[in-house]
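Let me begin by presenting the structure, written as structure tokens, before commenting on it.
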Amino acid sequence: MVLAAVAQLTSTGVIADNLAVASGLVKRAAASGARALFLPEATDFIAPSPSVGALTRSAQARSFVPYLCKEAKQSNIWVSVGVHEAPAEELGDKERCYNTQVLIDNEGKVRESYRKLHLFDVDIKGGLTILESNTTIPGKAIPRVHPSPIGALGLQTCYDIRFPESSLSLRRQGAQILTFPSAFTVRTGAAHWEVLLRARALDTQSYVLAAAQVGAHEGTKRVSYGHAMIVDPWGSIVAQCSDMQPYKPTLCFANIDLDALTSMRTEMPLWDQRRTDVYPEL
Ligand SMILES: O=C(O)CNC(=O)[C@H](CS)NC(=O)CCC(=O)C(=O)O
């Protein structure tokens with residue numbers, strides 16, 4: 001069995017501060033014996049929409065992932081982190097970014113940059129209006145599944161969790177662990193977060209690692225739901241970060257038991273029982 005760590009933190013608009021928090025968590029996770037650490041969506045910064053374009057293209061943003069690569073290597077731990085990724089200059093998009101989950105191995109190499117597929121464009125009567133597509137370019141591909149010391153990783157991000165098709169497709173590719181770095185809103189989080197995480201764990205028979213932003217983000221109107229957690233393939237919440245205030249950067253840990261996962265998949269062989277003669281295979 002191997003230990004995984006999932007983080008909960010509150011990013012601000014100051015990239016250097018967020019990098020210091022993330023680096024501290026890498027060291028703490030490694031010192032606790034974890035082989036992989038999962039940081040939330042937008043760990044690099046959360047800032048008002050009009051400043052996202054410039055912040056994404058700043059020198060601090062450009063050195064954010066390279067710095068974490070060094071930390072990962074130094075601490076000999078895999079790190080997943082959600083960041084704003086500037087598109088290639090030749091695309092001519094001077095404002096928008098990708099919402100990207102970067103997977104870094106324990107030698108400091110980037111194994112994957114997964115660009116969030118589903119953008120959070122919602123207009124809920126009585127309050128919540130967020131148009132992620134104002135600042136974000138959607139990704140175009142389901143990522144490969146990556147072997148890692150804790151198991152085969154299928155990367156997804158936040159709102160992607162509402163679209164089971166991509167999770168099922170990752171499971172079919174061989175994923176044993178699904179990652180959902182997130183920044184859920186308080187209203188939707190309170191109603192849906194835990195149910196969604198447990199549902200994806202159950203319908204893919206996989207571990208779900210859900211790092212999360214928590215609390216009020218300075219200088220913005222945004223407040224994140226938190227409740228970072230780890231769910232096992234049986235749907236049990238096996239670790240959860242504290243919801244006690246004042247919020248501090250924090251970790252929760254769980255052992256990943258791939259033998260138990262394999263037995264469960266054998267005992268309840270959902271993948272052999274799918275009726276792909278009746279509905280399409282994903
Ligand atoms: O780029 C950033 O600044 C961080 N990104 C986010 O916070 C994203 C897009 S606004 N949030 C979500 O997808 C929340 C989903 C959610 O709350 C739900 O599905 O209910």
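As shown in the structure tokens, the chain order sets the letters A, B, ...; within each chain, residues go from 1, and ligands are also counted from 1 in the order they appear.
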Open item on the list: 7 Å from ligand 1 is the threshold here; counting only C-alpha atoms and all ligand atoms, which polymer residues fall inside it? Answer as a ChimeraX atom specification.
Closed with: /A:41-42,45-47,84,99,119-120,130-132,158-159,162,182-185,188-189
Taking only residues of range 84-169 of chain A that have an atom at most 9 Å from an atom of range 23-40 of chain A, what is each one's shortest atom pair and its distance in Å to one decimal, using only C-alpha atoms, in chain and number order, as a Markdown table?
| residue | atom | partner | partner_atom | distance |
| --- | --- | --- | --- | --- |
| A:Gln101 | CA | A:Pro40 | CA | 8.8 |
| A:Asp105 | CA | A:Ala36 | CA | 8.6 |
| A:Asn106 | CA | A:Arg35 | CA | 8.4 |
| A:Ser148 | CA | A:Ala36 | CA | 8.5 |
| A:Pro149 | CA | A:Arg35 | CA | 6.6 |
| A:Ile150 | CA | A:Arg35 | CA | 6.9 |
| A:Thr157 | CA | A:Pro40 | CA | 8.9 |
| A:Cys158 | CA | A:Pro40 | CA | 8.9 |
Selected residues, C-alpha atoms, written as a PDB file, in the first residue's frame, please.
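Final output, saved to result.pdb:
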ATOM      1  CA  GLN A 101      -3.813  20.090 -14.340  1.00  0.00           C
ATOM      2  CA  ASP A 105       6.854  12.977 -11.439  1.00  0.00           C
ATOM      3  CA  ASN A 106       9.366  12.492  -8.612  1.00  0.00           C
ATOM      4  CA  SER A 148       2.434   6.277 -10.988  1.00  0.00           C
ATOM      5  CA  PRO A 149       3.705   4.900  -7.669  1.00  0.00           C
ATOM      6  CA  ILE A 150       0.167   5.071  -6.243  1.00  0.00           C
ATOM      7  CA  THR A 157     -10.724  18.869 -13.178  1.00  0.00           C
ATOM      8  CA  CYS A 158     -13.542  20.301 -11.039  1.00  0.00           C
TER       9      CYS A 158
END
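Each of A:Val238, A:Gly151, A:Pro143, A:Ala88 was checked against Asp259 in chain A using only C-alpha atoms; the smallest atom-to-atom distance is that of A:Gly151.
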Open item on the list: Just list as a ChimeraX atom specification whatever in range 13-219 of chain A DSSP marks as helix (DSSP H, G or I).
Closed with: /A:15-31,49-56,59-75,89-91,132-134,158-162,164-172,186-204
Task: Selection: 10 Å around Arg200 in chain A, only C-alpha atoms, excl. self and same-chain fewer than 6 positions, as a PyMOL selection string - done: chain A and resi 161-164+167-168+178+206-208+231+233+235
Just to be explicit: take each residue in the selection above, keep C-alpha atoms, and write the result as an mmCIF file, in the first residue's frame.
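The result, written out as part_36.cif:
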data_model
loop_
_atom_site.group_PDB
_atom_site.id
_atom_site.type_symbol
_atom_site.label_atom_id
_atom_site.label_comp_id
_atom_site.auth_asym_id
_atom_site.auth_seq_id
_atom_site.Cartn_x
_atom_site.Cartn_y
_atom_site.Cartn_z
ATOM 1 C CA ILE A 161 -16.994 15.648 -12.446
ATOM 2 C CA ARG A 162 -20.531 16.423 -13.620
ATOM 3 C CA PHE A 163 -19.844 14.646 -16.933
ATOM 4 C CA PRO A 164 -19.451 10.942 -16.140
ATOM 5 C CA SER A 167 -14.506 9.445 -16.116
ATOM 6 C CA LEU A 168 -15.893 6.259 -17.667
ATOM 7 C CA LEU A 178 -9.377 9.687 -10.764
ATOM 8 C CA SER A 206 -11.803 3.816 -8.641
ATOM 9 C CA TYR A 207 -10.209 5.954 -5.964
ATOM 10 C CA VAL A 208 -11.184 9.614 -6.245
ATOM 11 C CA VAL A 231 -12.973 8.416 -1.650
ATOM 12 C CA PRO A 233 -13.683 2.473 -4.837
ATOM 13 C CA GLY A 235 -17.579 4.901 -2.099
#
TODO: Would you mind listing what lies within 9 Å of Pro249 in chain A as a list in words, with only C-alpha atoms counted and same-chain residues fewer than 6 positions away left out?
DONE: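 Listing them by chain and then by number gives Ala7, Gln8, Leu9, Thr10, Val21, Ala22 and Leu25 of chain A.
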Open item on the list: What does the structure give for the distance between CA of Val81 in chain A and CA of Pro181 in chain A, in Å to one decimal?
Closed with: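 So the two atoms, CA of Val81 in chain A and CA of Pro181 in chain A, lie 7.6 Å apart.
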Task: strand (DSSP E) positions in range 12-154 of chain A, given as a PyMOL selection string - done: chain A and resi 36-38+78-85+97-104+110-115+121-123+129-131+136-137+153-154
I need the chosen residues saved as a compact mmCIF listing (two decimals), in the first residue's frame, with N, CA and C atoms.
# COMPACT_ATOMS: atom_id res chain seq x y z
N ALA A 36 2.68 10.74 -3.49
CA ALA A 36 2.09 11.68 -4.45
C ALA A 36 1.23 12.68 -3.69
N LEU A 37 1.30 13.93 -4.15
CA LEU A 37 0.50 15.02 -3.55
C LEU A 37 -0.38 15.64 -4.62
N PHE A 38 -1.62 15.91 -4.27
CA PHE A 38 -2.58 16.49 -5.20
C PHE A 38 -3.01 17.86 -4.68
N TRP A 78 5.64 12.66 -6.37
CA TRP A 78 4.85 13.12 -7.51
C TRP A 78 3.92 14.24 -7.05
N VAL A 79 3.70 15.20 -7.93
CA VAL A 79 2.84 16.34 -7.58
C VAL A 79 1.88 16.62 -8.74
N SER A 80 0.61 16.75 -8.41
CA SER A 80 -0.37 17.23 -9.39
C SER A 80 -0.82 18.61 -8.93
N VAL A 81 -0.90 19.54 -9.89
CA VAL A 81 -1.26 20.91 -9.51
C VAL A 81 -2.10 21.57 -10.60
N GLY A 82 -3.14 22.28 -10.18
CA GLY A 82 -3.98 23.01 -11.13
C GLY A 82 -3.46 24.43 -11.32
N VAL A 83 -3.27 24.81 -12.58
CA VAL A 83 -2.74 26.15 -12.88
C VAL A 83 -3.47 26.76 -14.10
N HIS A 84 -3.26 28.07 -14.27
CA HIS A 84 -3.68 28.74 -15.50
C HIS A 84 -2.53 28.63 -16.48
N GLU A 85 -2.82 28.09 -17.67
CA GLU A 85 -1.74 27.88 -18.65
C GLU A 85 -1.95 28.81 -19.84
N CYS A 97 -6.80 31.65 -21.08
CA CYS A 97 -5.83 30.63 -20.69
C CYS A 97 -6.52 29.27 -20.76
N TYR A 98 -5.73 28.23 -20.56
CA TYR A 98 -6.31 26.91 -20.31
C TYR A 98 -6.36 26.69 -18.81
N ASN A 99 -7.33 25.94 -18.36
CA ASN A 99 -7.40 25.53 -16.97
C ASN A 99 -6.76 24.13 -16.93
N THR A 100 -5.52 24.07 -16.49
CA THR A 100 -4.69 22.89 -16.72
C THR A 100 -4.27 22.20 -15.43
N GLN A 101 -4.37 20.88 -15.44
CA GLN A 101 -3.81 20.09 -14.34
C GLN A 101 -2.48 19.50 -14.82
N VAL A 102 -1.40 19.92 -14.14
CA VAL A 102 -0.07 19.47 -14.51
C VAL A 102 0.32 18.31 -13.58
N LEU A 103 0.80 17.21 -14.19
CA LEU A 103 1.24 16.06 -13.41
C LEU A 103 2.77 15.98 -13.50
N ILE A 104 3.41 16.10 -12.33
CA ILE A 104 4.88 16.14 -12.25
C ILE A 104 5.36 14.86 -11.55
N VAL A 110 7.52 16.90 -16.16
CA VAL A 110 6.08 17.02 -16.40
C VAL A 110 5.62 15.85 -17.26
N ARG A 111 4.71 15.03 -16.71
CA ARG A 111 4.22 13.86 -17.45
C ARG A 111 2.99 14.18 -18.28
N GLU A 112 2.19 15.15 -17.79
CA GLU A 112 0.94 15.46 -18.49
C GLU A 112 0.50 16.88 -18.16
N SER A 113 -0.08 17.55 -19.15
CA SER A 113 -0.78 18.81 -18.90
C SER A 113 -2.19 18.60 -19.43
N TYR A 114 -3.10 18.34 -18.54
CA TYR A 114 -4.48 18.07 -18.93
C TYR A 114 -5.28 19.37 -18.89
N ARG A 115 -5.85 19.73 -20.03
CA ARG A 115 -6.65 20.95 -20.12
C ARG A 115 -8.12 20.64 -19.93
N ASP A 121 -19.86 27.33 -17.08
CA ASP A 121 -20.68 28.46 -17.55
C ASP A 121 -22.08 28.25 -17.01
N VAL A 122 -22.41 28.94 -15.94
CA VAL A 122 -23.73 28.74 -15.34
C VAL A 122 -24.36 30.07 -14.99
N ASP A 123 -25.68 30.07 -15.01
CA ASP A 123 -26.42 31.27 -14.66
C ASP A 123 -27.62 30.80 -13.86
N THR A 129 -23.77 33.47 -11.07
CA THR A 129 -23.48 33.56 -12.50
C THR A 129 -21.97 33.52 -12.66
N ILE A 130 -21.47 32.49 -13.29
CA ILE A 130 -20.02 32.40 -13.58
C ILE A 130 -19.89 31.96 -15.02
N LEU A 131 -19.05 32.68 -15.77
CA LEU A 131 -18.79 32.30 -17.15
C LEU A 131 -17.31 32.02 -17.31
N THR A 136 -11.29 31.33 -20.25
CA THR A 136 -10.67 30.01 -20.41
C THR A 136 -10.98 29.37 -21.76
N ILE A 137 -9.98 28.73 -22.35
CA ILE A 137 -10.15 27.98 -23.59
C ILE A 137 -10.35 26.50 -23.20
N LEU A 153 -3.29 6.83 -13.03
CA LEU A 153 -3.99 8.09 -12.78
C LEU A 153 -4.77 8.57 -14.01
N GLY A 154 -6.04 8.90 -13.80
CA GLY A 154 -6.86 9.53 -14.84
C GLY A 154 -7.18 10.95 -14.38
Open item on the list: Under the rule that only C-alpha atoms are counted, which of A:Leu170, A:Ile15, A:Glu194, A:Gly127 is the nearest residue to Ile142 in chain A?
Closed with: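 Closest candidate: A:Leu170.
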Task: Residues within 9 Å of Gly215 in chain A, only C-alpha atoms, excluding chain neighbours under 2 positions, as a VMD selection string - done: chain A and resid 9 to 10 186 213 217 222 to 226 245 to 247
Open item on the list: Can you measure CA of Glu165 in chain A to CA of Met1 in chain A for me? One decimal in Å is fine.
Closed with: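 It comes out at 29.0 Å.
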- [ ] Please measure the separation of CA of Pro48 in chain A and CA of Thr135 in chain A, giving the value in Å to one decimal.
- [x] 10.3 Å
